[in-house]
Amino acid sequence: MPSPKQTVGYPFWLTAGIGGVVLLALFTALQSYRSADAYARAYQDPYMIQAQPERLREAVRYLPGKAVIGYLSDLPFDAVPGQSAHFGIMYALAPRLVTRSADSHEWVVGNFSHPLDYAAAGSAHHLDLVKDFGNGIVLFRRRSQ
Amino acid sequence: MMGLVALLLAALLGYCGVRLGLPCDGTRSPWTPLLHASLGIGLGAGLTACLYFLLLAGGVANLSVIVGCELVAQCAAGALLLRRRSASPPGGSPAALLSFSWNWLMALGLAAMLALLLVGFANTSELNPQGGWDAFAIWNLRARFLIHTETWNYAVTALPVGTHTEYPLLLSPSLPRSSSRWHS
């Protein structure tokens, strides 16, 4: 048997107060929606994360599927561009793990912001250049001892 | 589609868990199932994420084992719920429900906020499918590590500098659990 329903009457000031809170909450939700939408439109993929799988499409074929891979770049890690470049590569190559070191792993991915002598850059870390894929992506392999 | 099915399975398990965990009284409001369902989505996602992580760490996380374990848990929770329902005393007179005459305004507000949330989430996801910094540097990255039995430990070691592996995994295991890779 359904429960009997009783409507409770509250004083007007309480009902009006609750109504005010509901309206304020709705207004805040609308403002939050607007600002989130404006931010998302103004900053679409500011760190170019979406572009990394395409940059690395060829290089991925050379890399073992679940390995730990080194990283070499001309961008320092103590600034946002260097960090975002590293995270972009790490995200695109996951579940491989891309460390910040170029000195301890067999395979090393180079991610450069401008053209330079990649072979010399790798050589400083005892790495041989395997292939330059263009667009700043270079693959190195550790020299056999 | 696979992700939606995985989410529904998790939500159903969570709903049963909430129903089992909360005391049942005689004064059930028509809003109670909605409250239970909303709590159940969170509980179910957490439970299935923990289960997935344990199976992954144990090296047995493949589609049939994951689905099998979840179905067993679902059946057990459903059976317990039915048992408790049939064991509860049939009766007496149910307590009177007290109703606030402006509940319709609350319902309208809730519906409007849900609509804003869904539209906002869809827009933002479309504009930035990879999410913000924390998404690609922490949560989704760790979810990608949790795809394979051989790489899950990358998500909980200090090696990937800057990915805050000291944070709890939270919902990261839910993503590979509902991943399309299980199609194969």
# chains A, B, ... in the order shown; residues from 1 in each chain; ligands from 1
$ residues_around --residues "His148 (chain B)" --least-positions-apart "6" --cutoff "10 Å" --atoms "only C-alpha atoms" --output "list in words"
Lys66 and Pro95 of chain A; Leu56, Ala57, Gly59, Ala61, Asn62 and Pro176 of chain B
$ interface_residues --of "chain A" --to "chain B" --cutoff "9 Å" --atoms "only C-alpha atoms" --output "count of residues only"
48
$ select_by_dssp --residues "region 33-109 of chain B" --states "helix (DSSP H, G or I)" --output "number ranges by chain"
B: 33-57, 63-87, 103-109
$ closest_residue --among "A:Leu93, A:His105, A:Asn135, A:Pro11" --to "Arg61 (chain A)" --atoms "only C-alpha atoms"
A:Leu93
$ closest_residue --among "A:Asp103, A:Gly136, A:Ser123, A:Asn111" --to "Pro76 (chain A)" --atoms "only C-alpha atoms"
A:Asn111
$ select_by_dssp --residues "region 11-142 of chain A" --states "strand (DSSP E or B)" --output "number ranges by chain"
A: 68-73, 97-98, 107-111, 127-134, 137-142
$ residues_around --residues "region 31-38 of chain B" --least-positions-apart "5" --cutoff "7 Å" --atoms "only C-alpha atoms" --output "MDAnalysis selection string"
chainID B and resid 15 18:19
$ atom_distance --atom1 "CA of Asp78 (chain A)" --atom2 "CA of His164 (chain B)"
16.2 Å
$ atom_distance --atom1 "CA of Cys16 (chain B)" --atom2 "CA of Ala77 (chain B)"
5.9 Å
$ atom_distance --atom1 "CA of Leu13 (chain B)" --atom2 "CA of Ala111 (chain B)"
24.6 Å
$ residues_around --residues "Thr48 (chain B)" --least-positions-apart "2" --cutoff "12 Å" --atoms "only C-alpha atoms" --output "compact mmCIF listing (two decimals) with N, CA, C and O atoms, in the first residue's frame"
# COMPACT_ATOMS: atom_id res chain seq x y z
N ALA B 6 30.37 -0.99 -20.63
CA ALA B 6 31.21 -1.12 -19.43
C ALA B 6 30.73 -0.19 -18.33
O ALA B 6 30.69 -0.57 -17.15
N LEU B 7 30.34 1.02 -18.72
CA LEU B 7 29.85 1.99 -17.72
C LEU B 7 28.53 1.51 -17.11
O LEU B 7 28.32 1.62 -15.90
N LEU B 8 27.65 0.96 -17.95
CA LEU B 8 26.37 0.46 -17.45
C LEU B 8 26.55 -0.70 -16.48
O LEU B 8 25.89 -0.78 -15.45
N LEU B 9 27.47 -1.61 -16.84
CA LEU B 9 27.75 -2.74 -15.94
C LEU B 9 28.25 -2.25 -14.59
O LEU B 9 27.81 -2.72 -13.53
N ALA B 10 29.16 -1.27 -14.65
CA ALA B 10 29.71 -0.72 -13.41
C ALA B 10 28.61 -0.02 -12.61
O ALA B 10 28.52 -0.19 -11.38
N ALA B 11 27.75 0.73 -13.30
CA ALA B 11 26.69 1.46 -12.61
C ALA B 11 25.70 0.50 -11.96
O ALA B 11 25.24 0.74 -10.83
N LEU B 12 25.39 -0.59 -12.64
CA LEU B 12 24.45 -1.57 -12.10
C LEU B 12 25.02 -2.24 -10.84
O LEU B 12 24.32 -2.40 -9.83
N LEU B 13 26.30 -2.58 -10.92
CA LEU B 13 26.96 -3.18 -9.76
C LEU B 13 26.97 -2.19 -8.60
O LEU B 13 26.68 -2.55 -7.44
N GLY B 14 27.27 -0.93 -8.91
CA GLY B 14 27.30 0.10 -7.87
C GLY B 14 25.93 0.33 -7.28
O GLY B 14 25.79 0.52 -6.06
N GLY B 17 25.25 -2.32 -4.89
CA GLY B 17 26.09 -2.09 -3.72
C GLY B 17 25.51 -1.03 -2.81
O GLY B 17 25.50 -1.19 -1.57
N GLY B 40 25.51 5.07 -7.02
CA GLY B 40 25.95 3.79 -7.56
C GLY B 40 26.92 3.93 -8.72
O GLY B 40 27.82 3.09 -8.88
N ILE B 41 26.78 4.98 -9.52
CA ILE B 41 27.71 5.17 -10.64
C ILE B 41 29.13 5.33 -10.11
O ILE B 41 30.08 4.70 -10.59
N GLY B 42 29.27 6.16 -9.09
CA GLY B 42 30.59 6.37 -8.50
C GLY B 42 31.13 5.11 -7.84
O GLY B 42 32.29 4.73 -8.04
N LEU B 43 30.27 4.47 -7.06
CA LEU B 43 30.71 3.26 -6.36
C LEU B 43 31.07 2.15 -7.35
O LEU B 43 32.11 1.49 -7.22
N GLY B 44 30.23 1.99 -8.37
CA GLY B 44 30.48 0.94 -9.37
C GLY B 44 31.76 1.19 -10.15
O GLY B 44 32.54 0.26 -10.40
N ALA B 45 31.98 2.46 -10.53
CA ALA B 45 33.21 2.78 -11.28
C ALA B 45 34.43 2.48 -10.40
O ALA B 45 35.43 1.93 -10.89
N GLY B 46 34.34 2.83 -9.13
CA GLY B 46 35.46 2.56 -8.22
C GLY B 46 35.70 1.07 -8.02
O GLY B 46 36.84 0.59 -8.08
N CYS B 50 39.01 -1.04 -9.29
CA CYS B 50 39.86 -1.82 -8.36
C CYS B 50 39.99 -3.26 -8.85
O CYS B 50 41.09 -3.83 -8.85
N LEU B 51 38.87 -3.83 -9.28
CA LEU B 51 38.89 -5.21 -9.77
C LEU B 51 39.79 -5.33 -11.00
O LEU B 51 40.62 -6.25 -11.09
N TYR B 52 39.64 -4.38 -11.92
CA TYR B 52 40.47 -4.39 -13.13
C TYR B 52 41.95 -4.32 -12.77
O TYR B 52 42.78 -5.05 -13.30
N PHE B 53 42.27 -3.41 -11.83
CA PHE B 53 43.67 -3.24 -11.45
C PHE B 53 44.24 -4.52 -10.84
O PHE B 53 45.37 -4.92 -11.15
N LEU B 54 43.45 -5.18 -9.99
CA LEU B 54 43.92 -6.42 -9.37
C LEU B 54 44.15 -7.51 -10.43
O LEU B 54 45.15 -8.23 -10.38
N LEU B 55 43.22 -7.60 -11.38
CA LEU B 55 43.38 -8.60 -12.45
C LEU B 55 44.60 -8.28 -13.31
O LEU B 55 45.34 -9.17 -13.72
N LEU B 56 44.79 -6.99 -13.57
CA LEU B 56 45.93 -6.56 -14.40
C LEU B 56 47.25 -6.88 -13.69
O LEU B 56 48.16 -7.45 -14.29
N ILE B 66 37.73 -10.48 -17.16
CA ILE B 66 37.17 -9.24 -16.60
C ILE B 66 35.64 -9.31 -16.57
O ILE B 66 35.00 -9.09 -15.54
N VAL B 67 35.06 -9.67 -17.71
CA VAL B 67 33.59 -9.73 -17.80
C VAL B 67 33.07 -10.82 -16.87
O VAL B 67 32.06 -10.63 -16.17
N CYS B 69 34.37 -12.02 -14.04
CA CYS B 69 34.44 -11.59 -12.63
C CYS B 69 33.35 -10.56 -12.34
O CYS B 69 32.71 -10.60 -11.28
N GLU B 70 33.15 -9.63 -13.27
CA GLU B 70 32.14 -8.60 -13.03
C GLU B 70 30.73 -9.19 -13.00
O GLU B 70 29.89 -8.78 -12.21
N LEU B 71 30.49 -10.17 -13.87
CA LEU B 71 29.17 -10.79 -13.88
C LEU B 71 28.93 -11.60 -12.60
O LEU B 71 27.81 -11.59 -12.06
N ALA B 73 30.25 -10.93 -9.69
CA ALA B 73 30.00 -9.93 -8.64
C ALA B 73 28.59 -9.38 -8.76
O ALA B 73 27.88 -9.18 -7.76
N GLN B 74 28.17 -9.16 -10.01
CA GLN B 74 26.83 -8.62 -10.26
C GLN B 74 25.75 -9.60 -9.79
O GLN B 74 24.78 -9.21 -9.13
N LEU B 170 42.75 6.33 -8.69
CA LEU B 170 41.36 6.77 -8.86
C LEU B 170 40.73 6.15 -10.10
O LEU B 170 40.70 4.94 -10.22
N LEU B 171 40.28 6.96 -11.03
CA LEU B 171 39.52 6.40 -12.14
C LEU B 171 40.38 5.99 -13.33
O LEU B 171 39.85 5.51 -14.33
N SER B 172 41.70 6.17 -13.24
CA SER B 172 42.54 5.79 -14.39
C SER B 172 42.32 4.35 -14.84
O SER B 172 42.26 4.09 -16.04
N PRO B 173 42.17 3.37 -13.92
CA PRO B 173 41.92 1.99 -14.40
C PRO B 173 40.58 1.82 -15.10
O PRO B 173 40.38 0.85 -15.82
N SER B 174 39.64 2.74 -14.88
CA SER B 174 38.33 2.61 -15.55
C SER B 174 38.46 2.81 -17.05
O SER B 174 37.66 2.27 -17.82
N LEU B 175 39.43 3.63 -17.46
CA LEU B 175 39.54 3.93 -18.89
C LEU B 175 40.00 2.74 -19.70
O LEU B 175 39.34 2.37 -20.67
N PRO B 176 41.12 2.07 -19.33
CA PRO B 176 41.47 0.87 -20.11
C PRO B 176 40.46 -0.25 -19.95
O PRO B 176 40.29 -1.06 -20.85
N ARG B 177 39.76 -0.29 -18.80
CA ARG B 177 38.75 -1.34 -18.59
C ARG B 177 37.67 -1.25 -19.66
O ARG B 177 37.21 -2.25 -20.17
N SER B 178 37.28 -0.03 -20.00
CA SER B 178 36.23 0.13 -21.01
C SER B 178 36.80 0.43 -22.39
O SER B 178 36.09 0.88 -23.27
